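Undergrad: Sharing data_4.txt, compact mmCIF, C-alpha atoms:
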# COMPACT_ATOMS: atom_id res chain seq x y z
CA MET A 1 -9.77 -35.59 30.65
CA THR A 2 -13.53 -36.06 30.36
CA THR A 3 -14.95 -38.17 27.52
CA ILE A 4 -18.37 -37.16 26.22
CA VAL A 5 -20.88 -40.02 26.12
CA PRO A 6 -23.62 -39.68 23.45
CA THR A 7 -27.09 -39.11 24.88
CA SER A 8 -30.42 -40.42 23.64
CA GLU A 9 -31.72 -36.97 22.66
CA ASP A 10 -32.50 -36.64 18.96
CA ASN A 11 -31.54 -32.98 18.62
CA PRO A 12 -27.72 -32.59 18.60
CA VAL A 13 -28.04 -29.00 19.78
CA ILE A 14 -29.86 -30.02 22.97
CA SER A 15 -27.39 -32.89 23.45
CA VAL A 16 -24.47 -30.46 23.31
CA VAL A 17 -26.20 -28.01 25.66
CA ARG A 18 -26.86 -30.78 28.18
CA VAL A 19 -23.36 -32.29 28.07
CA THR A 20 -21.49 -28.97 28.16
CA SER A 21 -23.63 -27.54 30.94
CA GLU A 22 -23.22 -30.73 33.00
CA LEU A 23 -19.43 -30.46 32.68
CA ALA A 24 -19.48 -26.73 33.36
CA TRP A 25 -21.50 -27.17 36.58
CA ALA A 26 -19.93 -30.46 37.66
CA ASP A 27 -17.80 -28.91 40.41
CA ALA A 28 -20.83 -27.23 42.02
CA GLY A 29 -22.36 -30.51 43.13
CA LEU A 30 -25.39 -32.46 41.90
CA GLU A 31 -27.98 -30.44 43.81
CA VAL A 32 -26.80 -27.17 42.26
CA ALA A 33 -25.93 -28.59 38.84
CA GLU A 34 -29.18 -30.39 37.98
CA PRO A 35 -31.49 -27.33 38.10
CA GLN A 36 -28.94 -25.25 36.14
CA VAL A 37 -28.62 -27.91 33.45
CA ALA A 38 -32.40 -28.23 33.22
CA ARG A 39 -32.76 -24.44 32.96
CA LEU A 40 -30.20 -24.21 30.14
CA CYS A 41 -31.85 -27.06 28.23
CA ILE A 42 -35.23 -25.38 28.52
CA GLU A 43 -33.79 -22.06 27.35
CA ALA A 44 -32.18 -23.81 24.40
CA GLN A 45 -35.50 -25.45 23.50
CA GLU A 46 -37.26 -22.08 23.62
CA CYS A 47 -34.58 -20.54 21.36
CA ILE A 48 -35.05 -23.33 18.82
CA ILE A 49 -38.86 -23.00 18.83
CA MET A 50 -38.71 -19.21 18.46
CA GLY A 51 -35.85 -19.23 15.97
CA ARG A 52 -33.59 -17.14 18.23
CA TRP A 53 -30.38 -18.56 16.80
CA VAL A 54 -28.08 -15.76 17.97
CA ASP A 55 -29.27 -16.20 21.58
CA LEU A 56 -28.83 -19.96 21.26
CA ALA A 57 -25.28 -19.57 19.97
CA SER A 58 -24.45 -17.26 22.86
CA LEU A 59 -25.92 -19.74 25.38
CA MET A 60 -23.99 -22.68 23.95
CA LEU A 61 -20.70 -20.76 23.71
CA THR A 62 -20.87 -19.76 27.38
CA SER A 63 -20.78 -23.38 28.53
CA ALA A 64 -18.36 -24.48 25.80
CA GLU A 65 -15.83 -21.88 26.86
CA LEU A 66 -15.86 -23.19 30.44
CA ILE A 67 -15.06 -26.79 29.52
CA THR A 68 -12.21 -26.31 27.04
CA SER A 69 -9.67 -27.92 29.34
CA LYS A 70 -12.02 -30.74 30.35
CA VAL A 71 -12.65 -32.39 26.98
CA SER A 72 -10.54 -34.06 24.31
CA GLU A 73 -9.74 -32.33 21.03
CA LYS A 74 -12.16 -34.64 19.21
CA ASP A 75 -15.01 -33.72 21.55
CA PHE A 76 -14.05 -30.05 21.42
CA GLU A 77 -14.33 -30.17 17.62
CA CYS A 78 -17.67 -31.98 17.77
CA ILE A 79 -19.12 -29.41 20.17
CA PHE A 80 -18.12 -26.49 17.94
CA THR A 81 -19.26 -28.28 14.79
CA VAL A 82 -22.77 -28.30 16.25
CA ILE A 83 -22.50 -24.68 17.38
CA CYS A 84 -21.19 -23.57 13.96
CA SER A 85 -24.14 -25.28 12.28
CA LEU A 86 -26.40 -22.64 13.83
CA ALA A 87 -25.09 -20.17 11.25
CA THR A 88 -26.84 -22.20 8.54
CA ARG A 89 -30.18 -21.77 10.34
CA ALA A 90 -29.99 -17.98 10.49
CA GLY A 91 -32.90 -16.16 8.93
CA SER A 92 -30.82 -13.38 7.37
CA PRO A 93 -27.21 -12.54 6.40
CA ASP A 94 -27.02 -10.12 9.33
CA GLU A 95 -28.05 -12.85 11.75
CA ALA A 96 -25.52 -15.27 10.24
CA LEU A 97 -22.83 -12.60 10.60
CA GLU A 98 -23.77 -12.05 14.25
CA ILE A 99 -23.46 -15.79 14.95
CA ALA A 100 -20.15 -15.92 13.10
CA LYS A 101 -18.87 -13.00 15.18
CA LEU A 102 -19.85 -14.70 18.45
CA ILE A 103 -18.17 -17.98 17.51
CA SER A 104 -15.04 -16.39 16.08
CA THR A 105 -14.56 -14.13 19.07
CA LYS A 106 -14.71 -17.10 21.46
CA ILE A 107 -12.43 -19.25 19.33
CA ILE A 108 -9.58 -16.71 19.11
CA GLN A 109 -9.56 -15.80 22.82
CA GLN A 110 -6.99 -18.49 23.65
CA PRO A 111 -4.66 -18.52 20.60
CA SER A 112 -2.00 -20.68 22.25
CA ASP A 113 -4.41 -23.45 23.28
CA LYS A 114 -5.27 -26.01 20.56
CA THR A 115 -4.35 -23.45 17.88
CA ALA A 116 -4.47 -25.87 14.94
CA LEU A 117 -7.85 -27.19 16.05
CA ARG A 118 -9.23 -23.68 16.55
CA LEU A 119 -8.13 -22.76 13.03
CA LYS A 120 -9.82 -25.87 11.68
CA ILE A 121 -13.05 -24.88 13.40
CA LEU A 122 -12.88 -21.38 11.90
CA PHE A 123 -12.30 -22.76 8.42
CA ASN A 124 -15.23 -25.16 8.89
CA LEU A 125 -17.37 -22.19 9.92
CA TYR A 126 -16.13 -20.27 6.86
CA ASN A 127 -17.27 -23.09 4.57
CA LEU A 128 -20.71 -23.21 6.19
CA LEU A 129 -21.37 -19.52 5.58
CA GLU A 130 -23.01 -18.17 2.43
CA ASP A 131 -22.86 -14.41 3.05
CA PRO A 132 -19.63 -13.03 1.49
CA TYR A 133 -18.94 -10.49 4.24
CA SER A 134 -19.42 -13.13 6.95
CA LYS A 135 -16.84 -15.27 5.17
CA PHE A 136 -14.44 -12.31 5.08
CA PHE A 137 -14.95 -11.64 8.78
CA VAL A 138 -14.20 -15.23 9.76
CA TYR A 139 -11.13 -15.31 7.50
CA THR A 140 -9.69 -12.20 9.18
CA LYS A 141 -10.20 -13.81 12.58
CA ALA A 142 -8.36 -16.89 11.32
CA LEU A 143 -5.51 -14.62 10.23
CA HIS A 144 -5.20 -13.10 13.70
CA LEU A 145 -5.44 -16.51 15.38
CA ALA A 146 -2.70 -17.93 13.15
CA ALA A 147 -0.48 -14.91 13.82
CA ASN A 148 -0.99 -14.89 17.60
CA GLY A 149 -0.73 -18.68 17.84
CA LYS A 150 2.38 -18.82 15.60
CA MET A 151 0.67 -21.23 13.18
CA PHE A 152 1.69 -19.40 10.02
CA GLU A 153 2.03 -22.55 7.91
CA SER A 154 -1.70 -23.20 8.32
CA ILE A 155 -2.78 -19.87 6.83
CA ILE A 156 -0.03 -18.87 4.36
CA PRO A 157 -1.15 -21.22 1.53
CA SER A 158 -4.47 -19.36 1.37
CA PHE A 159 -2.70 -16.11 0.45
CA LYS A 160 -2.30 -17.35 -3.13
CA MET A 161 -6.08 -17.20 -3.50
CA ILE A 162 -6.60 -13.71 -2.11
CA ASP A 163 -7.49 -12.20 -5.48
CA SER A 164 -10.29 -14.71 -6.02
CA PHE A 165 -11.40 -14.25 -2.40
CA LEU A 166 -11.64 -10.49 -2.94
CA GLN A 167 -13.90 -11.01 -5.94
CA GLU A 168 -16.15 -13.20 -3.83
CA TRP A 169 -16.15 -11.00 -0.72
CA ASN A 170 -16.59 -7.68 -2.57
CA ILE A 171 -15.32 -5.76 0.45
CA GLY A 172 -14.66 -2.01 0.72
CA LYS A 173 -11.40 -0.11 0.70
CA GLU A 174 -10.92 0.00 4.47
CA ASP A 175 -11.40 -3.74 4.82
CA GLN A 176 -8.98 -4.34 1.96
CA ARG A 177 -6.37 -2.19 3.68
CA ASP A 178 -6.69 -4.10 6.93
CA LEU A 179 -6.46 -7.41 5.08
CA PHE A 180 -3.38 -6.51 3.01
CA LEU A 181 -1.54 -5.03 5.98
CA THR A 182 -2.33 -8.01 8.22
CA ILE A 183 -1.05 -10.46 5.59
CA SER A 184 2.08 -8.38 5.01
CA ASN A 185 2.82 -8.32 8.74
CA ILE A 186 2.38 -12.09 8.98
CA LEU A 187 4.80 -12.66 6.10
CA LYS A 188 7.47 -10.13 7.08
CA ASP A 189 8.73 -12.29 9.95
CA ASN A 190 9.45 -15.11 7.50
CA LYS A 191 12.69 -14.26 5.70
CA SER A 192 11.95 -16.56 2.78
CA MET A 193 8.70 -14.67 2.13
CA SER A 194 9.94 -11.08 2.36
CA LYS A 195 9.11 -10.46 -1.30
CA ASP A 196 5.53 -11.65 -0.75
CA SER A 197 5.31 -9.39 2.29
CA PHE A 198 6.44 -6.47 0.12
CA ILE A 199 3.80 -7.30 -2.51
CA PHE A 200 0.97 -7.19 0.02
CA LEU A 201 2.39 -4.04 1.59
CA SER A 202 2.37 -2.47 -1.88
CA LYS A 203 -1.25 -3.57 -2.33
CA TYR A 204 -2.04 -1.84 0.97
CA LEU A 205 -0.37 1.39 -0.12
CA THR A 206 -2.11 1.47 -3.50
CA THR A 207 -5.48 1.81 -1.76
CA PHE A 208 -4.67 5.40 -0.76
CA SER A 209 -5.82 8.15 -3.11
CA MET A 210 -3.94 11.43 -3.43
CA GLU A 211 -6.30 13.13 -0.98
CA GLU A 212 -6.04 10.28 1.52
CA ALA A 213 -2.26 10.12 1.21
CA PHE A 214 -1.85 13.69 2.41
CA LEU A 215 -3.94 12.89 5.47
CA MET A 216 -1.81 9.88 6.43
CA ASN A 217 -0.37 9.82 9.95
CA GLU A 218 0.81 6.52 11.38
CA GLU A 219 0.28 4.99 7.92
CA LYS A 220 3.40 6.88 6.79
CA GLU A 221 5.44 4.36 8.73
CA GLU A 222 4.17 1.64 6.39
CA ALA A 223 5.13 3.73 3.36
CA VAL A 224 8.63 4.15 4.78
CA ARG A 225 8.80 0.45 5.54
CA ALA A 226 8.00 -0.35 1.90
CA ILE A 227 10.90 1.81 0.72
CA ILE A 228 13.34 0.31 3.21
CA GLU A 229 12.25 -3.23 2.35
CA PHE A 230 12.81 -2.56 -1.34
CA VAL A 231 16.25 -1.05 -0.75
CA LYS A 232 17.21 -3.86 1.61
CA SER A 233 16.05 -6.72 -0.62
CA PRO A 234 18.92 -8.37 -2.53
CA ASP A 235 16.66 -9.69 -5.28
CA MET A 236 14.16 -6.90 -5.98
CA PHE A 237 15.28 -4.50 -8.70
CA GLN A 238 11.97 -3.18 -9.98
CA CYS A 239 9.04 -1.45 -8.31
CA ASP A 240 6.39 1.15 -8.96
CA LEU A 241 6.43 2.74 -5.52
CA PRO A 242 7.01 6.34 -6.72
CA GLY A 243 3.72 6.19 -8.63
CA MET A 244 1.76 5.60 -5.43
CA PRO A 245 0.40 8.74 -3.71
CA ALA A 246 1.14 7.14 -0.34
CA ILE A 247 4.83 7.06 -1.32
CA SER A 248 5.16 10.25 -3.37
CA GLN A 249 3.78 12.39 -0.54
CA LEU A 250 6.91 11.54 1.46
CA GLU A 251 8.99 13.63 -0.94
CA LYS A 252 7.96 16.82 0.84
CA ASP A 253 7.54 15.34 4.28
CA GLU A 254 9.84 16.97 6.80
CA LYS A 255 10.58 13.73 8.62
CA TYR A 256 10.77 11.26 5.73
CA ALA A 257 11.98 13.29 2.73
CA LEU A 258 15.45 11.69 2.92
CA VAL A 259 13.95 8.20 2.80
CA TYR A 260 12.11 9.15 -0.38
CA GLN A 261 15.35 10.58 -1.77
CA LEU A 262 17.04 7.23 -1.09
CA LEU A 263 14.33 5.45 -3.10
CA GLU A 264 14.84 7.87 -5.99
CA ILE A 265 18.57 7.13 -5.98
CA PHE A 266 18.02 3.38 -6.16
CA LEU A 267 15.52 3.72 -8.99
CA ASN A 268 16.99 6.52 -11.07
CA SER A 269 20.68 7.05 -10.23
CA ARG A 270 24.01 5.27 -10.09
CA LEU A 271 26.48 4.24 -7.41
CA ASP A 272 28.19 7.63 -7.11
CA HIS A 273 24.93 9.30 -6.07
CA TYR A 274 24.35 6.65 -3.42
CA LEU A 275 27.88 7.09 -2.03
CA ASP A 276 27.33 10.86 -1.78
CA PHE A 277 24.04 10.27 0.01
CA HIS A 278 25.65 7.78 2.40
CA ALA A 279 28.44 10.21 3.23
CA ARG A 280 25.87 12.74 4.38
CA ASN A 281 23.32 10.36 5.96
CA SER A 282 25.13 7.26 7.24
CA ALA A 283 23.40 7.47 10.64
CA LEU A 284 19.98 7.52 8.97
CA LEU A 285 20.76 4.37 6.97
CA LYS A 286 21.97 2.57 10.10
CA SER A 287 18.82 3.56 11.97
CA TYR A 288 16.77 1.67 9.38
CA GLY A 289 18.98 -1.39 9.54
CA LEU A 290 20.54 -0.86 6.11
CA ILE A 291 24.02 -2.32 5.65
CA HIS A 292 26.30 -0.10 3.57
CA GLU A 293 28.12 -2.95 1.80
CA GLU A 294 24.84 -4.59 0.78
CA CYS A 295 23.54 -1.28 -0.55
CA ILE A 296 26.72 -0.88 -2.62
CA THR A 297 26.22 -4.34 -4.10
CA LYS A 298 22.66 -3.56 -5.11
CA MET A 299 23.56 -0.13 -6.46
CA ARG A 300 26.26 -1.64 -8.66
CA LEU A 301 23.65 -3.90 -10.24
CA MET A 302 21.27 -0.96 -10.54
CA SER A 303 24.05 1.03 -12.21
CA LEU A 304 24.55 -1.76 -14.75
CA ILE A 305 20.84 -1.58 -15.57
CA ASP A 306 21.18 2.17 -16.08
CA LEU A 307 24.22 1.73 -18.34
CA SER A 308 22.25 -0.68 -20.54
CA CYS A 309 19.66 1.97 -21.40
CA ASN A 310 21.62 3.33 -24.37
CA GLU A 311 20.17 2.62 -27.82
CA SER A 312 23.17 0.67 -29.08
CA GLY A 313 22.75 -1.99 -26.40
CA GLU A 314 26.51 -2.06 -25.91
CA ILE A 315 28.38 -1.07 -22.75
CA PRO A 316 32.14 -0.58 -22.95
CA TYR A 317 34.05 -2.24 -20.13
CA ALA A 318 35.56 1.16 -19.30
CA LYS A 319 32.12 2.61 -18.54
CA VAL A 320 31.30 -0.36 -16.34
CA MET A 321 34.51 0.20 -14.39
CA GLU A 322 33.74 3.90 -13.98
CA ALA A 323 30.09 3.55 -12.98
CA LEU A 324 30.62 0.61 -10.62
CA GLN A 325 33.93 1.96 -9.30
CA ILE A 326 35.71 -1.36 -9.85
CA SER A 327 38.95 -2.56 -11.47
CA ASP A 328 39.15 -4.07 -14.94
CA ASP A 329 39.47 -7.63 -13.64
CA GLU A 330 36.13 -7.27 -11.76
CA VAL A 331 34.00 -6.28 -14.76
CA GLU A 332 33.10 -9.79 -15.86
CA TYR A 333 32.31 -10.84 -12.28
CA TRP A 334 29.69 -8.09 -12.00
CA VAL A 335 28.25 -8.78 -15.44
CA VAL A 336 27.84 -12.46 -14.53
CA LYS A 337 26.28 -11.41 -11.22
CA ALA A 338 23.80 -9.24 -13.12
CA ILE A 339 22.91 -12.20 -15.35
CA MET A 340 22.50 -14.50 -12.33
CA SER A 341 20.31 -11.87 -10.66
CA LYS A 342 18.19 -11.77 -13.84
CA VAL A 343 18.52 -8.02 -14.26
CA LEU A 344 20.31 -8.38 -17.62
CA ASP A 345 20.45 -10.79 -20.51
CA CYS A 346 23.75 -10.12 -22.22
CA LYS A 347 26.97 -11.44 -23.70
CA MET A 348 30.54 -10.30 -23.13
CA ASP A 349 32.70 -9.48 -26.13
CA GLN A 350 36.13 -9.87 -24.55
CA MET A 351 37.91 -9.04 -27.80
CA ASN A 352 36.25 -5.62 -28.12
CA GLN A 353 35.80 -5.14 -24.37
CA VAL A 354 32.06 -4.51 -24.54
CA VAL A 355 28.93 -5.96 -22.94
CA ILE A 356 26.17 -6.62 -25.51
CA VAL A 357 22.75 -6.37 -23.82
CA SER A 358 19.69 -8.08 -25.27
CA ARG A 359 17.31 -7.48 -22.35
CA ARG A 360 17.25 -5.50 -19.15
CA THR A 361 14.96 -5.13 -16.15
CA GLU A 362 13.24 -1.77 -15.94
CA ARG A 363 13.88 -0.33 -12.52
CA VAL A 364 10.55 1.49 -12.61
CA PHE A 365 7.61 0.15 -14.56
CA GLY A 366 5.19 3.05 -14.71
CA LEU A 367 3.15 4.85 -17.36
CA SER A 368 6.07 5.59 -19.69
CA GLN A 369 7.16 1.93 -19.57
CA TRP A 370 3.63 0.77 -20.39
CA GLN A 371 3.54 3.24 -23.29
CA GLY A 372 6.88 1.94 -24.52
CA LEU A 373 5.60 -1.64 -24.31
CA ARG A 374 2.47 -0.65 -26.22
CA SER A 375 4.60 0.94 -28.92
CA LYS A 376 6.68 -2.23 -29.24
CA LEU A 377 3.55 -4.37 -29.48
CA VAL A 378 2.10 -2.10 -32.16
CA ASN A 379 5.35 -2.35 -34.15
CA TRP A 380 5.44 -6.11 -33.64
CA ARG A 381 1.85 -6.41 -34.87
CA ALA A 382 2.63 -4.27 -37.92
CA ASN A 383 5.69 -6.38 -38.71
CA ILE A 384 3.67 -9.59 -38.42
CA ALA A 385 0.97 -8.14 -40.68
CA SER A 386 3.61 -7.09 -43.20
CA ALA A 387 5.20 -10.55 -43.14
CA ILE A 388 1.81 -12.22 -43.66
CA SER A 389 1.07 -9.86 -46.56
CA THR A 390 4.43 -10.62 -48.15
CA ILE A 391 3.88 -14.36 -47.81
CA GLN A 392 0.42 -14.09 -49.35
CA SER A 393 1.70 -11.95 -52.23
CA SER A 394 4.49 -14.41 -52.85
CA LYS A 395 1.99 -17.27 -52.82
CA VAL A 396 -0.25 -15.50 -55.36
CA ALA A 397 2.76 -14.80 -57.58
CA ASP A 398 3.88 -18.42 -57.37
CA GLU A 399 0.40 -19.63 -58.26
CA GLY A 400 0.36 -17.25 -61.26
CA VAL A 401 3.70 -18.47 -62.53
CA GLN A 402 2.58 -22.08 -62.09
CA ALA A 403 -0.62 -21.40 -64.09
CA VAL A 404 1.35 -19.84 -66.93
CA GLN A 405 3.74 -22.76 -67.00
CA GLU A 406 0.87 -25.26 -67.11
CA GLY A 407 -0.71 -23.29 -69.99
CA VAL A 408 2.51 -23.37 -72.01
CA MET A 409 2.91 -27.11 -71.45
CA THR A 410 -0.68 -27.73 -72.63
CA ARG A 411 -0.01 -25.95 -75.89
Rewrite the structure from the file as structure tokens, please.

TA:
Amino acid sequence: MTTIVPTSEDNPVISVVRVTSELAWADAGLEVAEPQVARLCIEAQECIIMGRWVDLASLMLTSAELITSKVSEKDFECIFTVICSLATRAGSPDEALEIAKLISTKIIQQPSDKTALRLKILFNLYNLLEDPYSKFFVYTKALHLAANGKMFESIIPSFKMIDSFLQEWNIGKEDQRDLFLTISNILKDNKSMSKDSFIFLSKYLTTFSMEEAFLMNEEKEEAVRAIIEFVKSPDMFQCDLPGMPAISQLEKDEKYALVYQLLEIFLNSRLDHYLDFHARNSALLKSYGLIHEECITKMRLMSLIDLSCNESGEIPYAKVMEALQISDDEVEYWVVKAIMSKVLDCKMDQMNQVVIVSRRTERVFGLSQWQGLRSKLVNWRANIASAISTIQSSKVADEGVQAVQEGVMTR
């Protein structure tokens, strides 16, 4: 392993050019190496004088790429810190973007070699850039490097800030799609983050308009994947997938209509409908990796949600037994399971054999649900206003009575 010795040159760029070119040409012998090193240093000087920062970055990256295995990680980082600094000297956002592209492309070419260090360099470059799109470009390269180098833990924490990043980057629809799908694919291999993967996949699908949805080809596979992931998940009981054009267009798709029908069953029907569907399409469910017993479990909880929709808020045990196709001694087990799964808030009246529901999860939260919520908020606001008015009226009345009493006492 070669250790870089600092030179006496004042300009760090020229120092890096000299050291990297000397290492790159070391095996060719002194007679061949010296003129090549001198030539590269002269070219670098000319680039600096003429402000050709893109050409300078390309020159420096050529030598840096050749010596990756010859220097320590510390020296590798130092070399690229100097190269990345060229982006700050660019005369325009386009020039800065071009430099960022050159550096990023070189950095991600060997994802399995010094992956953590390469990611660090990309993030350092990101922080040096001012142009929003250049930042976005470097971030996407970091995503691909982390995925290919299996360094997910280095990039996943940044996903929590994606919304603020999007405001800063101000990128178009196509770039947003690529970003959301890339993040979803990174997360889907991590079982503990399947719900987060689904969220980003949903974000991806929402970018398709009605017109675009009907022109989807390979993108349909992602729409199908979203449905299967929702059905498969043991702890997701609500989604707004049917309201997305990318999903709804599957209803009349010759190949995927049954998958859409399965989604409709999980969001709008009860266990008996699922069992009928399974009887006719068991091979289809297996082909998507769906386990029948797990689907039954989820559909029983979904059926409980559906039973709780009546206005009285009470569900007789007998209806639970019928809808869930269970015996009387299993009712309380499934009610408790629904409470633990946070799909219902309820109490069991064992004396009267009823479940009293105070809150339920809406399986679909679309326009009608928002309208219902608005209506409740309007009623709540009116009730609060009425209560305040009553309190004020009572206060005025009390003050009047007190004044009369004080007048009588004075007399």

Undergrad: What's the separation between CA of Gln110 in chain A and CA of Arg89 in chain A, in Å to one decimal place?

TA: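 Separating CA of Gln110 in chain A from CA of Arg89 in chain A is a distance of 26.9 Å.
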
Undergrad: Which residue, A:Ile227, A:Cys78, A:Met302, A:Ile296, has the smallest gap to Ala64 in chain A when you use all atoms listed in the file?

TA: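 Distance minimum relative to Ala64 in chain A lands on A:Cys78.
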
Undergrad: With distances taken over only C-alpha atoms, which residue among A:Glu46, A:Glu311, A:Asp306, A:Glu65 lies nearest Leu23 in chain A?

TA: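 Of A:Glu46, A:Glu311, A:Asp306, A:Glu65, the one nearest Leu23 in chain A is A:Glu65, counting only C-alpha atoms.
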
Undergrad: Taking (-12.1, -26.5, 25.0) in the file's coordinates, which residues come within 12 Å, counting only C-alpha atoms, written as number ranges by chain?

TA: A: 1-2, 20, 23-24, 61-80, 106-115, 117-118, 121

Undergrad: Which neighbours of range 170-180 of chain A fall inside 6 Å, counting only C-alpha atoms, when residues of the same chain fewer than 4 positions from it are skipped, and could you give them as a PyMOL selection string?

TA: chain A and resi 166+200+204

Undergrad: From the options A:Tyr288, A:Gly91, A:Gln325, A:Val335, which residue's atoms come nearest to Glu221 in chain A, counting only C-alpha atoms?

TA: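 Nearest candidate to Glu221 in chain A out of A:Tyr288, A:Gly91, A:Gln325, A:Val335: A:Tyr288.
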
Undergrad: Could you jot down the CA of Phe123 in chain A to CA of Leu56 in chain A separation for me, Å, one decimal place?

TA: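 A separation of 21.1 Å between them.
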
Undergrad: Please measure the separation of CA of Glu294 in chain A and CA of Thr206 in chain A, giving the value in Å to one decimal.

TA: 28.0 Å

Undergrad: Near Phe208 in chain A, counting only C-alpha atoms, which residues have an atom at most 8 Å away, once you skip same-chain residues fewer than 6 positions from it, shown as a CSV table (one decimal) with C-alpha atoms, in the frame of the given file?

TA:
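Full text of out-v6.csv as output:
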chain,number,residue,atom,x,y,z
A,244,MET,CA,1.8,5.6,-5.4
A,245,PRO,CA,0.4,8.7,-3.7
A,246,ALA,CA,1.1,7.1,-0.3

Undergrad: Within 10 Å of Lys141 in chain A, counting all atoms listed in the file, which residues qualify if same-chain residues fewer than 6 places away don't, as a PDB file with C-alpha atoms, keeping the file's coordinate frame?

TA:
ATOM      1  CA  LYS A 101     -18.870 -13.000  15.180  1.00  0.00           C
ATOM      2  CA  SER A 104     -15.040 -16.390  16.080  1.00  0.00           C
ATOM      3  CA  THR A 105     -14.560 -14.130  19.070  1.00  0.00           C
ATOM      4  CA  ILE A 107     -12.430 -19.250  19.330  1.00  0.00           C
ATOM      5  CA  ILE A 108      -9.580 -16.710  19.110  1.00  0.00           C
ATOM      6  CA  LEU A 119      -8.130 -22.760  13.030  1.00  0.00           C
ATOM      7  CA  LEU A 122     -12.880 -21.380  11.900  1.00  0.00           C
ATOM      8  CA  ALA A 147      -0.480 -14.910  13.820  1.00  0.00           C
TER       9      ALA A 147
END
